[in-house]
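What follows is the content of target_15.cif (mmCIF, C-alpha atoms; chains and numbers go by the auth columns).
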data_input
#
loop_
_atom_site.group_PDB
_atom_site.id
_atom_site.type_symbol
_atom_site.label_atom_id
_atom_site.label_comp_id
_atom_site.label_asym_id
_atom_site.label_seq_id
_atom_site.Cartn_x
_atom_site.Cartn_y
_atom_site.Cartn_z
_atom_site.B_iso_or_equiv
_atom_site.auth_seq_id
_atom_site.auth_asym_id
ATOM 1 C CA MET A 1 128.090 103.223 126.029 0.00 1 Y
ATOM 2 C CA SER A 2 131.810 103.407 126.820 0.00 2 Y
ATOM 3 C CA LYS A 3 133.828 106.565 126.177 0.00 3 Y
ATOM 4 C CA SER A 4 135.556 104.907 123.189 0.00 4 Y
ATOM 5 C CA GLY A 5 132.209 104.649 121.419 0.00 5 Y
ATOM 6 C CA SER A 6 131.987 100.843 121.582 0.00 6 Y
ATOM 7 C CA THR A 7 129.284 99.066 123.559 0.00 7 Y
ATOM 8 C CA THR A 8 130.096 97.223 126.754 0.00 8 Y
ATOM 9 C CA PRO A 9 129.175 93.528 127.200 0.00 9 Y
ATOM 10 C CA GLU A 10 126.320 94.591 129.493 0.00 10 Y
ATOM 11 C CA GLU A 11 124.969 96.996 126.859 0.00 11 Y
ATOM 12 C CA GLN A 12 125.222 94.322 124.174 0.00 12 Y
ATOM 13 C CA GLU A 13 123.254 91.897 126.345 0.00 13 Y
ATOM 14 C CA ALA A 14 120.594 94.546 126.924 0.00 14 Y
ATOM 15 C CA LEU A 15 120.335 95.181 123.173 0.00 15 Y
ATOM 16 C CA ILE A 16 120.001 91.454 122.475 0.00 16 Y
ATOM 17 C CA ARG A 17 117.270 91.143 125.108 0.00 17 Y
ATOM 18 C CA GLU A 18 115.416 94.095 123.586 0.00 18 Y
ATOM 19 C CA LEU A 19 115.679 92.633 120.068 0.00 19 Y
ATOM 20 C CA LYS A 20 114.426 89.252 121.278 0.00 20 Y
ATOM 21 C CA GLN A 21 111.495 90.937 122.986 0.00 21 Y
ATOM 22 C CA GLN A 22 110.658 92.896 119.822 0.00 22 Y
ATOM 23 C CA ILE A 23 110.749 89.675 117.787 0.00 23 Y
ATOM 24 C CA GLU A 24 108.405 87.962 120.263 0.00 24 Y
ATOM 25 C CA ASP A 25 106.066 90.962 120.229 0.00 25 Y
ATOM 26 C CA LEU A 26 106.011 90.890 116.415 0.00 26 Y
ATOM 27 C CA LYS A 27 105.270 87.150 116.394 0.00 27 Y
ATOM 28 C CA GLN A 28 102.414 87.667 118.843 0.00 28 Y
ATOM 29 C CA SER A 29 101.062 90.554 116.769 0.00 29 Y
ATOM 30 C CA ASN A 30 101.116 88.405 113.609 0.00 30 Y
ATOM 31 C CA GLN A 31 99.351 85.575 115.444 0.00 31 Y
ATOM 32 C CA ASP A 32 96.701 87.987 116.730 0.00 32 Y
ATOM 33 C CA LEU A 33 96.130 89.333 113.207 0.00 33 Y
ATOM 34 C CA GLU A 34 95.833 85.806 111.796 0.00 34 Y
ATOM 35 C CA HIS A 35 93.354 84.876 114.515 0.00 35 Y
ATOM 36 C CA PHE A 36 91.329 88.042 113.905 0.00 36 Y
ATOM 37 C CA ALA A 37 91.207 87.410 110.141 0.00 37 Y
ATOM 38 C CA TYR A 38 90.105 83.816 110.711 0.00 38 Y
ATOM 39 C CA VAL A 39 87.381 84.650 113.249 0.00 39 Y
ATOM 40 C CA ALA A 40 86.082 87.671 111.332 0.00 40 Y
ATOM 41 C CA SER A 41 85.956 85.773 108.049 0.00 41 Y
ATOM 42 C CA HIS A 42 84.366 82.701 109.629 0.00 42 Y
ATOM 43 C CA ASP A 43 81.692 84.709 111.443 0.00 43 Y
ATOM 44 C CA LEU A 44 80.764 86.635 108.294 0.00 44 Y
ATOM 45 C CA GLN A 45 79.818 83.494 106.395 0.00 45 Y
ATOM 46 C CA SER A 46 76.639 82.780 108.358 0.00 46 Y
ATOM 47 C CA PRO A 47 74.892 86.159 107.815 0.00 47 Y
ATOM 48 C CA LEU A 48 75.850 86.076 104.128 0.00 48 Y
ATOM 49 C CA ARG A 49 74.249 82.655 103.751 0.00 49 Y
ATOM 50 C CA THR A 50 71.132 84.089 105.403 0.00 50 Y
ATOM 51 C CA VAL A 51 71.095 87.037 102.975 0.00 51 Y
ATOM 52 C CA GLU A 52 71.533 84.672 100.025 0.00 52 Y
ATOM 53 C CA GLY A 53 68.709 82.439 101.276 0.00 53 Y
ATOM 54 C CA TYR A 54 66.213 85.256 101.775 0.00 54 Y
ATOM 55 C CA LEU A 55 67.114 86.770 98.398 0.00 55 Y
ATOM 56 C CA GLY A 56 66.163 83.487 96.819 0.00 56 Y
ATOM 57 C CA ILE A 57 62.834 83.382 98.670 0.00 57 Y
ATOM 58 C CA ILE A 58 61.977 86.997 97.764 0.00 58 Y
ATOM 59 C CA ARG A 59 62.872 86.355 94.134 0.00 59 Y
ATOM 60 C CA GLN A 60 60.604 83.295 93.984 0.00 60 Y
ATOM 61 C CA GLU A 61 57.691 85.262 95.455 0.00 61 Y
ATOM 62 C CA LEU A 62 58.161 88.144 93.029 0.00 62 Y
ATOM 63 C CA ASN A 63 58.430 85.743 90.086 0.00 63 Y
ATOM 64 C CA LYS A 64 54.910 84.509 90.882 0.00 64 Y
ATOM 65 C CA GLU A 65 53.621 88.024 90.279 0.00 65 Y
ATOM 66 C CA GLY A 66 55.949 88.784 87.400 0.00 66 Y
ATOM 67 C CA VAL A 67 58.836 91.245 87.652 0.00 67 Y
ATOM 68 C CA SER A 68 60.203 93.782 85.220 0.00 68 Y
ATOM 69 C CA GLY A 69 63.556 93.400 83.531 0.00 69 Y
ATOM 70 C CA ASP A 70 64.945 96.190 85.718 0.00 70 Y
ATOM 71 C CA VAL A 71 64.026 94.380 88.944 0.00 71 Y
ATOM 72 C CA GLU A 72 65.506 91.149 87.569 0.00 72 Y
ATOM 73 C CA GLY A 73 68.724 93.069 86.908 0.00 73 Y
ATOM 74 C CA TYR A 74 68.762 94.449 90.450 0.00 74 Y
ATOM 75 C CA PHE A 75 68.502 90.938 91.881 0.00 75 Y
ATOM 76 C CA GLU A 76 71.313 89.778 89.611 0.00 76 Y
ATOM 77 C CA HIS A 77 73.594 92.569 90.867 0.00 77 Y
ATOM 78 C CA VAL A 78 72.798 91.825 94.534 0.00 78 Y
ATOM 79 C CA THR A 79 73.315 88.081 94.045 0.00 79 Y
ATOM 80 C CA LEU A 80 76.666 88.654 92.338 0.00 80 Y
ATOM 81 C CA GLY A 81 77.674 90.999 95.176 0.00 81 Y
ATOM 82 C CA VAL A 82 76.898 88.311 97.761 0.00 82 Y
ATOM 83 C CA LYS A 83 78.904 85.740 95.787 0.00 83 Y
ATOM 84 C CA ARG A 84 81.876 88.117 95.555 0.00 84 Y
ATOM 85 C CA LEU A 85 81.769 88.641 99.321 0.00 85 Y
ATOM 86 C CA GLN A 86 81.626 84.878 99.870 0.00 86 Y
ATOM 87 C CA GLN A 87 84.665 84.403 97.636 0.00 87 Y
ATOM 88 C CA LEU A 88 86.505 87.204 99.424 0.00 88 Y
ATOM 89 C CA ILE A 89 85.795 85.576 102.803 0.00 89 Y
ATOM 90 C CA LYS A 90 86.947 82.191 101.498 0.00 90 Y
ATOM 91 C CA ASP A 91 90.189 83.744 100.232 0.00 91 Y
ATOM 92 C CA LEU A 92 90.751 85.575 103.527 0.00 92 Y
ATOM 93 C CA LEU A 93 90.329 82.315 105.430 0.00 93 Y
ATOM 94 C CA GLU A 94 92.896 80.644 103.165 0.00 94 Y
ATOM 95 C CA TYR A 95 95.250 83.595 103.658 0.00 95 Y
ATOM 96 C CA SER A 96 94.954 83.452 107.453 0.00 96 Y
ATOM 97 C CA ARG A 97 95.655 79.707 107.448 0.00 97 Y
ATOM 98 C CA ALA A 98 98.686 79.963 105.166 0.00 98 Y
ATOM 99 C CA GLY A 99 100.907 81.310 107.943 0.00 99 Y
ATOM 100 C CA ARG A 100 100.447 78.078 109.895 0.00 100 Y
ATOM 101 C CA MET A 101 101.475 75.634 107.152 0.00 101 Y
ATOM 102 C CA VAL A 102 104.186 73.860 109.114 0.00 102 Y
ATOM 103 C CA ASP A 103 103.301 70.211 108.466 0.00 103 Y
ATOM 104 C CA ARG A 104 105.325 68.562 105.699 0.00 104 Y
ATOM 105 C CA ALA A 105 104.417 65.497 103.689 0.00 105 Y
ATOM 106 C CA THR A 106 105.617 63.831 100.491 0.00 106 Y
ATOM 107 C CA ILE A 107 103.941 65.408 97.461 0.00 107 Y
ATOM 108 C CA GLN A 108 103.714 63.322 94.290 0.00 108 Y
ATOM 109 C CA THR A 109 104.291 66.139 91.827 0.00 109 Y
ATOM 110 C CA HIS A 110 102.466 64.908 88.727 0.00 110 Y
ATOM 111 C CA ALA A 111 99.506 63.546 90.698 0.00 111 Y
ATOM 112 C CA MET A 112 99.178 66.899 92.485 0.00 112 Y
ATOM 113 C CA LEU A 113 99.271 68.797 89.184 0.00 113 Y
ATOM 114 C CA GLU A 114 96.607 66.535 87.677 0.00 114 Y
ATOM 115 C CA ILE A 115 94.355 67.492 90.609 0.00 115 Y
ATOM 116 C CA VAL A 116 95.110 71.167 89.917 0.00 116 Y
ATOM 117 C CA LYS A 117 94.250 70.743 86.228 0.00 117 Y
ATOM 118 C CA TYR A 118 91.005 68.988 87.137 0.00 118 Y
ATOM 119 C CA ASN A 119 90.046 71.806 89.503 0.00 119 Y
ATOM 120 C CA LEU A 120 90.658 74.294 86.671 0.00 120 Y
ATOM 121 C CA ARG A 121 89.088 72.201 83.903 0.00 121 Y
ATOM 122 C CA HIS A 122 86.371 74.763 83.160 0.00 122 Y
ATOM 123 C CA ASN A 123 88.933 77.569 82.826 0.00 123 Y
ATOM 124 C CA ILE A 124 91.021 75.381 80.507 0.00 124 Y
ATOM 125 C CA GLN A 125 88.044 74.359 78.344 0.00 125 Y
ATOM 126 C CA GLN A 126 87.024 77.978 77.772 0.00 126 Y
ATOM 127 C CA ARG A 127 90.414 78.971 76.333 0.00 127 Y
ATOM 128 C CA THR A 128 92.987 77.781 73.812 0.00 128 Y
ATOM 129 C CA VAL A 129 95.535 76.493 76.301 0.00 129 Y
ATOM 130 C CA THR A 130 98.239 73.839 76.252 0.00 130 Y
ATOM 131 C CA ILE A 131 100.002 72.885 79.483 0.00 131 Y
ATOM 132 C CA THR A 132 103.323 71.056 79.548 0.00 132 Y
ATOM 133 C CA PHE A 133 105.637 69.866 82.336 0.00 133 Y
ATOM 134 C CA GLU A 134 109.422 69.893 82.142 0.00 134 Y
ATOM 135 C CA ASP A 135 112.106 68.532 84.511 0.00 135 Y
ATOM 136 C CA LEU A 136 109.753 68.263 87.482 0.00 136 Y
ATOM 137 C CA PRO A 137 110.761 66.214 90.529 0.00 137 Y
ATOM 138 C CA GLU A 138 108.939 62.932 91.001 0.00 138 Y
ATOM 139 C CA ARG A 139 108.228 64.016 94.568 0.00 139 Y
ATOM 140 C CA PHE A 140 109.215 66.639 97.134 0.00 140 Y
ATOM 141 C CA LEU A 141 108.284 67.649 100.672 0.00 141 Y
ATOM 142 C CA GLY A 142 105.805 70.413 101.461 0.00 142 Y
ATOM 143 C CA HIS A 143 102.441 71.256 102.943 0.00 143 Y
ATOM 144 C CA ARG A 144 100.050 69.372 100.636 0.00 144 Y
ATOM 145 C CA MET A 145 97.091 71.743 100.741 0.00 145 Y
ATOM 146 C CA GLY A 146 99.301 74.829 100.556 0.00 146 Y
ATOM 147 C CA ILE A 147 101.430 73.608 97.638 0.00 147 Y
ATOM 148 C CA THR A 148 98.322 72.525 95.719 0.00 148 Y
ATOM 149 C CA GLN A 149 96.758 75.966 96.284 0.00 149 Y
ATOM 150 C CA LEU A 150 100.006 77.653 95.212 0.00 150 Y
ATOM 151 C CA PHE A 151 100.190 75.846 91.869 0.00 151 Y
ATOM 152 C CA GLN A 152 96.445 76.244 91.329 0.00 152 Y
ATOM 153 C CA ASN A 153 96.547 80.025 91.833 0.00 153 Y
ATOM 154 C CA LEU A 154 99.543 80.475 89.530 0.00 154 Y
ATOM 155 C CA LEU A 155 98.112 78.213 86.821 0.00 155 Y
ATOM 156 C CA ALA A 156 94.704 79.943 87.044 0.00 156 Y
ATOM 157 C CA ASN A 157 96.415 83.314 86.532 0.00 157 Y
ATOM 158 C CA ALA A 158 98.398 81.975 83.573 0.00 158 Y
ATOM 159 C CA ILE A 159 95.159 80.732 81.980 0.00 159 Y
ATOM 160 C CA ASP A 160 92.939 83.713 82.772 0.00 160 Y
ATOM 161 C CA PHE A 161 95.433 86.343 81.620 0.00 161 Y
ATOM 162 C CA GLY A 162 96.138 84.832 78.231 0.00 162 Y
ATOM 163 C CA LYS A 163 95.846 87.043 75.162 0.00 163 Y
ATOM 164 C CA LYS A 164 92.340 87.252 73.755 0.00 164 Y
ATOM 165 C CA ASP A 165 91.763 84.906 70.787 0.00 165 Y
ATOM 166 C CA SER A 166 95.393 83.693 70.883 0.00 166 Y
ATOM 167 C CA PRO A 167 96.792 80.280 71.871 0.00 167 Y
ATOM 168 C CA ASN A 168 98.561 80.196 75.209 0.00 168 Y
ATOM 169 C CA HIS A 169 101.296 77.673 75.945 0.00 169 Y
ATOM 170 C CA ILE A 170 101.891 77.287 79.678 0.00 170 Y
ATOM 171 C CA LYS A 171 104.973 75.468 80.921 0.00 171 Y
ATOM 172 C CA ILE A 172 105.634 74.313 84.485 0.00 172 Y
ATOM 173 C CA SER A 173 109.287 73.436 85.118 0.00 173 Y
ATOM 174 C CA SER A 174 111.828 73.146 87.916 0.00 174 Y
ATOM 175 C CA THR A 175 115.485 73.051 88.823 0.00 175 Y
ATOM 176 C CA GLU A 176 117.137 72.223 92.124 0.00 176 Y
ATOM 177 C CA ASP A 177 120.205 72.902 94.169 0.00 177 Y
ATOM 178 C CA GLU A 178 121.410 71.677 97.528 0.00 178 Y
ATOM 179 C CA LYS A 179 118.907 73.690 99.583 0.00 179 Y
ATOM 180 C CA TYR A 180 115.964 74.543 97.313 0.00 180 Y
ATOM 181 C CA TRP A 181 113.564 73.372 94.670 0.00 181 Y
ATOM 182 C CA ARG A 182 113.009 76.210 92.208 0.00 182 Y
ATOM 183 C CA PHE A 183 109.792 76.080 90.190 0.00 183 Y
ATOM 184 C CA ALA A 184 108.640 78.240 87.286 0.00 184 Y
ATOM 185 C CA VAL A 185 105.210 78.753 85.700 0.00 185 Y
ATOM 186 C CA SER A 186 105.542 80.422 82.279 0.00 186 Y
ATOM 187 C CA ASP A 187 102.785 81.652 79.968 0.00 187 Y
ATOM 188 C CA GLU A 188 102.317 83.551 76.705 0.00 188 Y
ATOM 189 C CA GLY A 189 99.770 85.965 78.118 0.00 189 Y
ATOM 190 C CA ILE A 190 99.328 89.715 78.287 0.00 190 Y
ATOM 191 C CA GLY A 191 102.241 90.239 80.685 0.00 191 Y
ATOM 192 C CA ILE A 192 102.723 92.630 83.607 0.00 192 Y
ATOM 193 C CA ALA A 193 104.225 96.111 83.462 0.00 193 Y
ATOM 194 C CA GLU A 194 107.538 96.419 85.299 0.00 194 Y
ATOM 195 C CA GLU A 195 106.199 99.013 87.755 0.00 195 Y
ATOM 196 C CA ASN A 196 103.539 96.540 88.938 0.00 196 Y
ATOM 197 C CA GLN A 197 105.717 93.454 89.364 0.00 197 Y
ATOM 198 C CA GLN A 198 106.390 93.985 93.068 0.00 198 Y
ATOM 199 C CA ARG A 199 102.926 95.314 93.866 0.00 199 Y
ATOM 200 C CA ILE A 200 101.038 92.251 92.625 0.00 200 Y
ATOM 201 C CA PHE A 201 102.105 90.223 95.675 0.00 201 Y
ATOM 202 C CA GLU A 202 100.517 92.720 98.078 0.00 202 Y
ATOM 203 C CA LEU A 203 97.155 91.949 99.655 0.00 203 Y
ATOM 204 C CA PHE A 204 94.086 93.259 97.740 0.00 204 Y
ATOM 205 C CA THR A 205 96.135 94.399 94.743 0.00 205 Y
ATOM 206 C CA ARG A 206 94.194 93.963 91.502 0.00 206 Y
ATOM 207 C CA LEU A 207 95.458 95.001 88.099 0.00 207 Y
ATOM 208 C CA ASN A 208 92.682 95.728 85.619 0.00 208 Y
ATOM 209 C CA PRO A 209 93.967 95.810 82.045 0.00 209 Y
ATOM 210 C CA ARG A 210 91.302 97.146 79.697 0.00 210 Y
ATOM 211 C CA GLU A 211 90.948 93.926 77.736 0.00 211 Y
ATOM 212 C CA MET A 212 90.384 91.747 80.799 0.00 212 Y
ATOM 213 C CA GLU A 213 87.324 91.313 82.989 0.00 213 Y
ATOM 214 C CA ASP A 214 89.103 90.791 86.294 0.00 214 Y
ATOM 215 C CA LYS A 215 86.787 89.147 88.807 0.00 215 Y
ATOM 216 C CA GLY A 216 89.458 88.302 91.385 0.00 216 Y
ATOM 217 C CA THR A 217 89.570 89.400 94.996 0.00 217 Y
ATOM 218 C CA GLY A 218 93.179 90.626 94.992 0.00 218 Y
ATOM 219 C CA ILE A 219 94.281 87.897 97.404 0.00 219 Y
ATOM 220 C CA GLY A 220 95.487 85.125 95.085 0.00 220 Y
ATOM 221 C CA LEU A 221 99.106 86.197 94.588 0.00 221 Y
ATOM 222 C CA ALA A 222 99.398 87.500 98.160 0.00 222 Y
ATOM 223 C CA LEU A 223 98.326 84.015 99.267 0.00 223 Y
ATOM 224 C CA CYS A 224 100.970 82.487 96.979 0.00 224 Y
ATOM 225 C CA LYS A 225 103.644 84.637 98.620 0.00 225 Y
ATOM 226 C CA ARG A 226 102.432 83.669 102.088 0.00 226 Y
ATOM 227 C CA ILE A 227 102.544 79.956 101.219 0.00 227 Y
ATOM 228 C CA VAL A 228 106.036 80.286 99.739 0.00 228 Y
ATOM 229 C CA ASP A 229 107.196 82.265 102.787 0.00 229 Y
ATOM 230 C CA SER A 230 105.912 79.485 105.047 0.00 230 Y
ATOM 231 C CA HIS A 231 108.119 77.062 103.075 0.00 231 Y
ATOM 232 C CA GLY A 232 111.221 79.210 103.570 0.00 232 Y
ATOM 233 C CA GLY A 233 111.308 80.344 99.948 0.00 233 Y
ATOM 234 C CA LYS A 234 110.845 83.417 97.751 0.00 234 Y
ATOM 235 C CA ILE A 235 108.533 84.247 94.855 0.00 235 Y
ATOM 236 C CA TRP A 236 109.033 86.741 92.030 0.00 236 Y
ATOM 237 C CA VAL A 237 107.954 87.373 88.447 0.00 237 Y
ATOM 238 C CA GLU A 238 109.729 88.108 85.189 0.00 238 Y
ATOM 239 C CA SER A 239 107.409 89.726 82.677 0.00 239 Y
ATOM 240 C CA ALA A 240 106.812 92.404 80.070 0.00 240 Y
ATOM 241 C CA LEU A 241 103.608 93.724 78.559 0.00 241 Y
ATOM 242 C CA ASP A 242 102.405 91.568 75.637 0.00 242 Y
ATOM 243 C CA ALA A 243 105.336 89.179 76.180 0.00 243 Y
ATOM 244 C CA GLY A 244 103.989 86.738 78.779 0.00 244 Y
ATOM 245 C CA SER A 245 105.044 86.116 82.362 0.00 245 Y
ATOM 246 C CA THR A 246 107.147 83.625 84.293 0.00 246 Y
ATOM 247 C CA PHE A 247 106.458 83.235 87.991 0.00 247 Y
ATOM 248 C CA HIS A 248 109.409 81.758 89.874 0.00 248 Y
ATOM 249 C CA PHE A 249 109.305 80.446 93.428 0.00 249 Y
ATOM 250 C CA THR A 250 111.574 78.413 95.664 0.00 250 Y
ATOM 251 C CA ILE A 251 110.714 75.773 98.233 0.00 251 Y
ATOM 252 C CA ARG A 252 113.347 75.052 100.876 0.00 252 Y
ATOM 253 C CA LYS A 253 114.234 71.380 101.178 0.00 253 Y
ATOM 254 C CA PRO A 254 113.772 70.098 104.733 0.00 254 Y
ATOM 255 C CA THR A 255 116.890 68.456 106.105 0.00 255 Y
ATOM 256 C CA SER A 256 115.024 65.153 106.176 0.00 256 Y
ATOM 257 C CA GLU A 257 114.397 65.201 102.404 0.00 257 Y
#

Can you give me the file's structure in the form of structure tokens?
Amino acid sequence: MSKSGSTTPEEQEALIRELKQQIEDLKQSNQDLEHFAYVASHDLQSPLRTVEGYLGIIRQELNKEGVSGDVEGYFEHVTLGVKRLQQLIKDLLEYSRAGRMVDRATIQTHAMLEIVKYNLRHNIQQRTVTITFEDLPERFLGHRMGITQLFQNLLANAIDFGKKDSPNHIKISSTEDEKYWRFAVSDEGIGIAEENQQRIFELFTRLNPREMEDKGTGIGLALCKRIVDSHGGKIWVESALDAGSTFHFTIRKPTSE
């Protein structure tokens, strides 16, 4: 550094080179982590399927001899544990893939949302839910699988965290500006305390309000954030306990849109 305290051109170039190298190292580290998560999750599926298969065989053999209610309960707990692990692995695979969602295609908004509603039909049928759309674009550009997963996760949360024995009106809406589509998913559910509103987007974060039986893996909203990040946008929530929640997210418009 020069005596005046300012950096010389040579020092500035060295700093720029160092920053570029740090950025490349960080990119490589993220790629390595994604690859590790994918391989680890993929390789865990096979032994779990084996465990599930042999559990079924053992259960059939024991049923021939008759089993006590306690033993039946033990098998139920083990089977549910295997299913939870399978769901966790599936979610981890989705999370690892979300960082590579670079392909863009035209998404027909209403058709995509009808697919989402169909996928969640059992959740919808089990609760008093109405879903409305407002000011949505006819189409926009994005990664089809990722955007579908994003809306599905947010809508599933809005349904599952409704107030017990109360109707829940869910509204999906949007606005736009020159650079972004801004979407919102609003519900009339149990809401989220202010101190948890940043934490919910972290991996493996699960909030367990007393009145809810939360069976999630803690990856759903982290996956939403990762998908939104891959589309150059941001995601956040506005909420209060017992006053519902509105999840906002932005999707950057490609220059070709």

Expected selection from the PyMOL selection byres ((chain Y and resi 178) around 12), given as a ChimeraX atom specification: /Y:175-177,179-182,251-255,257

Non-local contacts of range 51-59 of chain Y (12 Å; only C-alpha atoms; under 2 positions in same chain excluded) as a PyMOL selection string: chain Y and resi 44-49+61-68+71-86

Please, could you write that set of residues out with C-alpha atoms as a PDB file, keeping the file's coordinate frame?
ATOM      1  CA  LEU Y  44      80.764  86.635 108.294  1.00  0.00           C
ATOM      2  CA  GLN Y  45      79.818  83.494 106.395  1.00  0.00           C
ATOM      3  CA  SER Y  46      76.639  82.780 108.358  1.00  0.00           C
ATOM      4  CA  PRO Y  47      74.892  86.159 107.815  1.00  0.00           C
ATOM      5  CA  LEU Y  48      75.850  86.076 104.128  1.00  0.00           C
ATOM      6  CA  ARG Y  49      74.249  82.655 103.751  1.00  0.00           C
ATOM      7  CA  GLU Y  61      57.691  85.262  95.455  1.00  0.00           C
ATOM      8  CA  LEU Y  62      58.161  88.144  93.029  1.00  0.00           C
ATOM      9  CA  ASN Y  63      58.430  85.743  90.086  1.00  0.00           C
ATOM     10  CA  LYS Y  64      54.910  84.509  90.882  1.00  0.00           C
ATOM     11  CA  GLU Y  65      53.621  88.024  90.279  1.00  0.00           C
ATOM     12  CA  GLY Y  66      55.949  88.784  87.400  1.00  0.00           C
ATOM     13  CA  VAL Y  67      58.836  91.245  87.652  1.00  0.00           C
ATOM     14  CA  SER Y  68      60.203  93.782  85.220  1.00  0.00           C
ATOM     15  CA  VAL Y  71      64.026  94.380  88.944  1.00  0.00           C
ATOM     16  CA  GLU Y  72      65.506  91.149  87.569  1.00  0.00           C
ATOM     17  CA  GLY Y  73      68.724  93.069  86.908  1.00  0.00           C
ATOM     18  CA  TYR Y  74      68.762  94.449  90.450  1.00  0.00           C
ATOM     19  CA  PHE Y  75      68.502  90.938  91.881  1.00  0.00           C
ATOM     20  CA  GLU Y  76      71.313  89.778  89.611  1.00  0.00           C
ATOM     21  CA  HIS Y  77      73.594  92.569  90.867  1.00  0.00           C
ATOM     22  CA  VAL Y  78      72.798  91.825  94.534  1.00  0.00           C
ATOM     23  CA  THR Y  79      73.315  88.081  94.045  1.00  0.00           C
ATOM     24  CA  LEU Y  80      76.666  88.654  92.338  1.00  0.00           C
ATOM     25  CA  GLY Y  81      77.674  90.999  95.176  1.00  0.00           C
ATOM     26  CA  VAL Y  82      76.898  88.311  97.761  1.00  0.00           C
ATOM     27  CA  LYS Y  83      78.904  85.740  95.787  1.00  0.00           C
ATOM     28  CA  ARG Y  84      81.876  88.117  95.555  1.00  0.00           C
ATOM     29  CA  LEU Y  85      81.769  88.641  99.321  1.00  0.00           C
ATOM     30  CA  GLN Y  86      81.626  84.878  99.870  1.00  0.00           C
TER      31      GLN Y  86
END

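CA of Lys164 in chain Y to CA of Leu221 in chain Y spans 21.9 Å [interatomic distance, one decimal].
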
If you take every atom of range 217-234 of chain Y that the file lists and fit an axis-aligned box around them with 5 Å extra on each side, what centre and edge lengths come out in Å to one decimal, as lines of an AutoDock Vina configuration file?
center_x = 100.4
center_y = 83.8
center_z = 99.8
size_x = 31.7
size_y = 23.6
size_z = 20.5

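Note on the selection: in this file the PyMOL selection byres ((chain Y and resi 190) around 8) comes out as Y:Phe161, Y:Gly162, Y:Lys163, Y:Glu188, Y:Gly189, Y:Gly191, Y:Ile192, Y:Leu241, Y:Asp242, Y:Ala243, Y:Gly244, Y:Ser245.
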
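Proximity to His110 in chain Y was assessed for Y:Lys20, Y:Arg139, Y:Lys90, Y:Lys234 counting only C-alpha atoms; the smallest distance is recorded for Y:Arg139.
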
Range 147-151 of chain Y surroundings by all atoms listed in the file, 9 Å radius, close-in-sequence under 6 positions cut, as a PyMOL selection string: chain Y and resi 107+112-113+115-116+185+220-221+223-225+227-228

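The smallest atom-to-atom distance between Arg199 in chain Y and any of Y:Ala222, Y:Val129, Y:Leu15, Y:Ala105, using only C-alpha atoms, is found for Y:Ala222.
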